[in-house]
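As provided, model_5.tsv (TSV, C-alpha atoms and all ligand atoms) reads as follows.
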chain	number	residue	atom	x	y	z
A	1	MET	CA	-102.96	6.53	64.08
A	2	LEU	CA	-104.73	3.22	63.49
A	3	LYS	CA	-108.49	3.39	63.01
A	4	LEU	CA	-110.90	0.51	63.43
A	5	TYR	CA	-114.33	0.27	61.84
A	6	CYS	CA	-116.31	-1.58	64.47
A	7	ALA	CA	-119.65	-2.18	66.17
A	8	PRO	CA	-120.54	-3.21	69.74
A	9	ASN	CA	-120.79	-6.87	70.70
A	10	THR	CA	-119.50	-8.08	67.34
A	11	ILE	CA	-116.34	-9.97	66.53
A	12	ALA	CA	-114.72	-6.52	66.33
A	13	VAL	CA	-114.50	-6.76	70.13
A	14	ALA	CA	-111.48	-9.04	69.62
A	15	ALA	CA	-109.57	-6.28	67.84
A	16	ILE	CA	-110.92	-3.57	70.16
A	17	THR	CA	-109.72	-5.32	73.31
A	18	ALA	CA	-106.35	-6.15	71.73
A	19	LEU	CA	-105.91	-2.53	70.60
A	20	ASN	CA	-106.78	-1.39	74.13
A	21	GLU	CA	-103.77	-3.34	75.36
A	22	GLY	CA	-101.45	-0.54	74.30
A	23	VAL	CA	-102.06	0.83	70.82
A	24	HIS	CA	-102.96	4.40	69.98
A	25	TRP	CA	-106.15	3.94	67.96
A	26	GLU	CA	-109.49	5.45	67.15
A	27	PRO	CA	-112.85	3.73	66.61
A	28	ILE	CA	-115.12	4.47	63.67
A	29	ARG	CA	-118.51	3.14	64.73
A	30	ILE	CA	-120.68	1.39	62.17
A	31	ASP	CA	-124.37	1.48	63.02
A	32	PHE	CA	-125.74	-2.01	62.35
A	33	GLU	CA	-129.27	-0.98	63.33
A	34	HIS	CA	-129.36	1.32	60.32
A	35	GLY	CA	-127.49	-1.13	58.09
A	36	GLU	CA	-124.48	1.13	57.75
A	37	GLN	CA	-122.28	-1.88	56.97
A	38	THR	CA	-124.14	-2.33	53.67
A	39	ARG	CA	-123.87	1.29	52.49
A	40	PRO	CA	-121.64	2.14	49.53
A	41	ASP	CA	-119.27	4.31	51.57
A	42	TYR	CA	-118.54	1.41	53.93
A	43	LEU	CA	-118.42	-1.15	51.10
A	44	ALA	CA	-115.68	1.01	49.62
A	45	VAL	CA	-113.73	0.32	52.82
A	46	ASN	CA	-114.66	-3.36	53.14
A	47	PRO	CA	-116.49	-4.87	50.16
A	48	LYS	CA	-117.56	-7.77	52.40
A	49	GLY	CA	-119.82	-5.41	54.39
A	50	ARG	CA	-118.56	-6.72	57.71
A	51	VAL	CA	-116.64	-5.45	60.72
A	52	PRO	CA	-113.91	-5.20	61.80
A	53	ALA	CA	-111.79	-3.32	59.26
A	54	LEU	CA	-108.51	-1.82	60.40
A	55	VAL	CA	-107.14	1.26	58.65
A	56	THR	CA	-103.35	1.05	58.71
A	57	PRO	CA	-100.91	3.55	57.19
A	58	GLU	CA	-100.41	1.05	54.35
A	59	GLY	CA	-104.06	0.23	53.69
A	60	VAL	CA	-107.19	-1.43	55.02
A	61	LEU	CA	-106.98	-4.85	56.64
A	62	THR	CA	-109.97	-7.11	57.27
A	63	GLU	CA	-110.50	-10.50	58.95
A	64	THR	CA	-110.16	-10.66	62.70
A	65	GLY	CA	-107.36	-13.21	62.69
A	66	ALA	CA	-105.30	-11.18	60.22
A	67	ILE	CA	-105.89	-7.96	62.19
A	68	LEU	CA	-104.86	-9.60	65.45
A	69	GLU	CA	-101.73	-11.05	63.85
A	70	TYR	CA	-100.85	-7.67	62.36
A	71	LEU	CA	-101.17	-6.07	65.80
A	72	GLY	CA	-99.09	-8.86	67.27
A	73	GLU	CA	-96.32	-8.27	64.75
A	74	THR	CA	-96.35	-4.48	64.82
A	75	ALA	CA	-97.32	-3.35	68.30
A	76	LEU	CA	-98.17	-6.17	70.68
A	77	PRO	CA	-95.42	-8.79	70.39
A	78	SER	CA	-95.91	-10.01	73.94
A	79	PHE	CA	-99.20	-11.62	72.85
A	80	VAL	CA	-97.48	-13.86	70.31
A	81	PRO	CA	-95.70	-16.96	71.64
A	82	VAL	CA	-92.03	-17.09	70.66
A	83	ASP	CA	-91.85	-20.86	70.34
A	84	PRO	CA	-92.97	-21.91	66.83
A	85	LEU	CA	-95.18	-24.74	68.04
A	86	HIS	CA	-96.85	-22.54	70.66
A	87	ARG	CA	-97.35	-19.86	68.01
A	88	ALA	CA	-98.92	-22.43	65.72
A	89	ARG	CA	-101.12	-23.66	68.59
A	90	MET	CA	-102.34	-20.10	69.10
A	91	ARG	CA	-103.19	-19.95	65.39
A	92	GLU	CA	-104.83	-23.36	65.61
A	93	ILE	CA	-107.26	-21.90	68.15
A	94	MET	CA	-107.74	-18.71	66.14
A	95	TYR	CA	-108.47	-20.56	62.91
A	96	TYR	CA	-110.96	-22.72	64.79
A	97	LEU	CA	-112.68	-19.65	66.20
A	98	GLY	CA	-112.85	-17.98	62.80
A	99	THR	CA	-113.84	-20.93	60.66
A	100	THR	CA	-116.02	-22.92	63.03
A	101	MET	CA	-117.21	-21.26	66.23
A	102	HIS	CA	-118.00	-17.86	64.71
A	103	VAL	CA	-119.73	-19.60	61.81
A	104	ASN	CA	-121.77	-21.71	64.25
A	105	HIS	CA	-122.97	-18.51	65.91
A	106	ALA	CA	-123.78	-16.82	62.60
A	107	HIS	CA	-126.34	-19.53	61.84
A	108	LYS	CA	-128.61	-17.96	64.48
A	109	LEU	CA	-129.42	-14.73	62.64
A	110	ARG	CA	-127.58	-14.91	59.32
A	111	GLY	CA	-129.13	-18.04	57.78
A	112	HIS	CA	-129.74	-16.09	54.57
A	113	ARG	CA	-126.03	-16.46	53.87
A	114	TRP	CA	-126.50	-20.18	53.31
A	115	ALA	CA	-130.12	-20.68	52.29
A	116	ASP	CA	-133.02	-18.94	50.59
A	117	GLN	CA	-136.04	-20.82	51.89
A	118	ALA	CA	-137.57	-19.32	55.03
A	119	SER	CA	-138.17	-22.89	56.25
A	120	SER	CA	-134.40	-23.40	56.48
A	121	PHE	CA	-133.77	-20.49	58.83
A	122	ALA	CA	-135.57	-21.79	61.93
A	123	ASP	CA	-133.73	-25.08	61.58
A	124	MET	CA	-130.36	-23.33	61.44
A	125	THR	CA	-131.22	-21.13	64.43
A	126	ALA	CA	-132.37	-24.12	66.44
A	127	LYS	CA	-129.04	-25.88	65.93
A	128	VAL	CA	-126.95	-23.03	67.40
A	129	PRO	CA	-127.11	-24.01	71.12
A	130	GLU	CA	-125.88	-27.49	70.17
A	131	THR	CA	-123.03	-26.37	67.93
A	132	MET	CA	-121.89	-23.60	70.29
A	133	ASN	CA	-122.01	-26.06	73.19
A	134	ALA	CA	-119.90	-28.47	71.16
A	135	SER	CA	-117.37	-25.68	70.51
A	136	CYS	CA	-117.18	-24.93	74.23
A	137	ALA	CA	-116.75	-28.63	75.00
A	138	TYR	CA	-113.87	-28.74	72.51
A	139	LEU	CA	-112.16	-25.66	73.99
A	140	GLU	CA	-112.76	-26.46	77.67
A	141	PRO	CA	-109.86	-28.92	78.14
A	142	MET	CA	-107.54	-26.65	76.15
A	143	VAL	CA	-107.73	-23.82	78.71
A	144	GLU	CA	-104.46	-24.08	80.59
A	145	GLY	CA	-105.31	-21.23	82.98
A	146	PRO	CA	-105.44	-18.55	83.94
A	147	TYR	CA	-105.28	-17.73	80.22
A	148	LEU	CA	-105.91	-20.03	77.29
A	149	MET	CA	-102.28	-20.95	76.80
A	150	GLY	CA	-100.99	-20.51	80.32
A	151	PRO	CA	-99.80	-17.65	82.52
A	152	GLU	CA	-99.89	-14.93	79.85
A	153	PRO	CA	-102.62	-14.02	77.34
A	154	THR	CA	-102.08	-14.45	73.61
A	155	LEU	CA	-103.98	-13.02	70.65
A	156	ALA	CA	-106.31	-16.02	70.86
A	157	ASP	CA	-107.62	-14.87	74.25
A	158	PHE	CA	-108.99	-11.66	72.75
A	159	TYR	CA	-110.55	-13.57	69.87
A	160	LEU	CA	-112.23	-16.06	72.18
A	161	TYR	CA	-113.38	-13.31	74.55
A	162	ALA	CA	-115.39	-11.67	71.76
A	163	ILE	CA	-117.07	-14.97	70.90
A	164	THR	CA	-117.83	-16.09	74.44
A	165	ARG	CA	-119.78	-12.85	74.95
A	166	TRP	CA	-122.37	-14.39	72.58
A	167	LEU	CA	-122.82	-17.65	74.47
A	168	GLU	CA	-125.73	-16.66	76.70
A	169	GLY	CA	-127.72	-15.37	73.73
A	170	ASP	CA	-126.85	-18.55	71.87
A	171	GLY	CA	-128.41	-20.69	74.60
A	172	VAL	CA	-125.16	-21.90	76.15
A	173	ASP	CA	-124.53	-21.87	79.90
A	174	ILE	CA	-120.84	-21.11	80.20
A	175	GLY	CA	-121.16	-22.09	83.88
A	176	ALA	CA	-121.22	-25.70	82.72
A	177	PHE	CA	-117.59	-25.24	81.62
A	178	ALA	CA	-115.45	-24.58	84.70
A	179	ASN	CA	-112.25	-23.72	82.85
A	180	LEU	CA	-113.93	-21.33	80.42
A	181	THR	CA	-115.85	-19.70	83.28
A	182	ALA	CA	-112.66	-19.07	85.26
A	183	TRP	CA	-110.89	-17.86	82.12
A	184	GLN	CA	-113.69	-15.42	81.27
A	185	ALA	CA	-113.60	-14.01	84.82
A	186	VAL	CA	-109.89	-13.33	84.43
A	187	MET	CA	-110.44	-11.65	81.05
A	188	GLU	CA	-113.05	-9.38	82.63
A	189	THR	CA	-110.42	-8.04	85.05
A	190	ARG	CA	-108.14	-6.80	82.26
A	191	ALA	CA	-108.03	-3.04	81.77
A	192	SER	CA	-108.48	-3.52	78.01
A	193	VAL	CA	-111.77	-5.33	78.52
A	194	ARG	CA	-112.95	-2.83	81.12
A	195	LYS	CA	-112.24	-0.01	78.70
A	196	ALA	CA	-114.18	-1.80	75.96
A	197	ARG	CA	-117.11	-2.00	78.38
A	198	ALA	CA	-116.74	1.63	79.46
A	199	ASP	CA	-116.76	2.68	75.79
A	200	GLY	CA	-119.93	0.70	75.13
A	201	PHE	CA	-118.35	-1.89	72.85
A	202	VAL	CA	-119.19	-4.71	75.25
A	203	THR	CA	-122.59	-4.69	76.91
A	204	GLY	CA	-124.41	-7.23	79.04
B	1	LIG	N1	-114.48	-13.49	58.99
B	1	LIG	C1	-114.77	-12.15	59.42
B	1	LIG	C2	-116.24	-12.10	59.83
B	1	LIG	C3	-116.68	-10.71	60.20
B	1	LIG	C4	-118.18	-10.70	60.50
B	1	LIG	O1	-118.94	-11.60	60.10
B	1	LIG	N2	-118.60	-9.66	61.22
B	1	LIG	C5	-120.00	-9.53	61.51
B	1	LIG	C6	-120.20	-9.04	62.94
B	1	LIG	S1	-119.83	-10.31	64.12
B	1	LIG	C7	-120.62	-8.49	60.58
B	1	LIG	O2	-119.98	-7.49	60.30
B	1	LIG	N3	-121.84	-8.71	60.14
B	1	LIG	C8	-122.55	-7.76	59.35
B	1	LIG	C9	-123.57	-8.38	58.47
B	1	LIG	O3	-123.60	-9.61	58.35
B	1	LIG	O4	-124.33	-7.62	57.88
B	1	LIG	C10	-113.87	-11.76	60.60
B	1	LIG	O5	-113.54	-12.65	61.38
B	1	LIG	O6	-113.47	-10.59	60.72

Would you mind giving the structure from this file in structure tokens?
Amino acid sequence: MLKLYCAPNTIAVAAITALNEGVHWEPIRIDFEHGEQTRPDYLAVNPKGRVPALVTPEGVLTETGAILEYLGETALPSFVPVDPLHRARMREIMYYLGTTMHVNHAHKLRGHRWADQASSFADMTAKVPETMNASCAYLEPMVEGPYLMGPEPTLADFYLYAITRWLEGDGVDIGAFANLTAWQAVMETRASVRKARADGFVTG
């Protein structure tokens, strides 16, 4: 059975909700409040000290995009567009989420990754509402509805869902983005998302 090292309200929610779509899996909760992600036993699983990490029969896989694509190829093919251009478009969104929007968000509390001076941190935190707003403005016209790429969800929907859960805390009013608001409401109706909430992986 697949196992996922994960923590609530993190980017691991992308993998959690995708797994809930029909994979037999088990969570291994990492307690961020006690810094469990930095302990040697977890670093032996993922030397980056981050979640998620998926334990597959062949080994451990990290990076949300790679985990989602693995699930798409092994267990959840209906979330991967068949047409090559559509598949690449899905990846285009996923790469954007991983390399830009998630990184924008991380500047709020993880400034120490990029700077050492305490004076730099407040500046990075202050920029987050602007950069996350800009990410939403970029994505807004791309939402075809009801899901990101049209009538059916793709892997990118689960990725974006995890990130949009952070918007309120990042000072962004998703209500200002009609397409994203409608899309998020649809995501909330999915059984996979409801289960993630019921299991305490999504709060608020
Ligand atoms: N690029 C990685 C990033 C993973 C990541 O940054 N996870 C955060 C939670 S959202 C984490 O584990 N942070 C722990 C820490 O910084 O100590 C991915 O997409 O899986």

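Minimum atom-to-atom distance to Leu2 of chain A, evaluated using all atoms listed in the file, belongs to A:Leu71 out of A:Val172, A:Leu71, A:Ala14, A:Ala196.
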
*Using all atoms listed in the file, find each residue with an atom at most 8 Å away from ligand LIG 1 (chain B) and format the answer as a PyMOL selection string.*
chain A and resi 7+9-12+32+35+37-38+49-53+62-65+98-99+102+106+110

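Using only C-alpha atoms, the smallest distance between any of A:Glu21, A:Glu130, A:Asp83, A:Asp199 and Met101 of chain A comes from A:Glu130.
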
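Note that the spacing between atom CA of Asn20 of chain A and atom CA of Lys195 of chain A amounts to 7.3 Å.
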
_Proximity to Leu85 of chain A - best of A:Leu97, A:Leu61, A:Met149, A:Ala162, all atoms listed in the file_ = A:Met149

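When atom CA of Glu144 of chain A is paired with atom CA of Ala18 of chain A, their separation reads 20.1 Å.
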
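Distances here use only C-alpha atoms; by that measure, the residue among A:Ala88, A:Trp114, A:Leu155, A:Cys6 closest to Val202 of chain A is A:Cys6.
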
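Straight-line separation from atom CA of Lys3 of chain A to atom CA of Thr56 of chain A: 7.1 Å.
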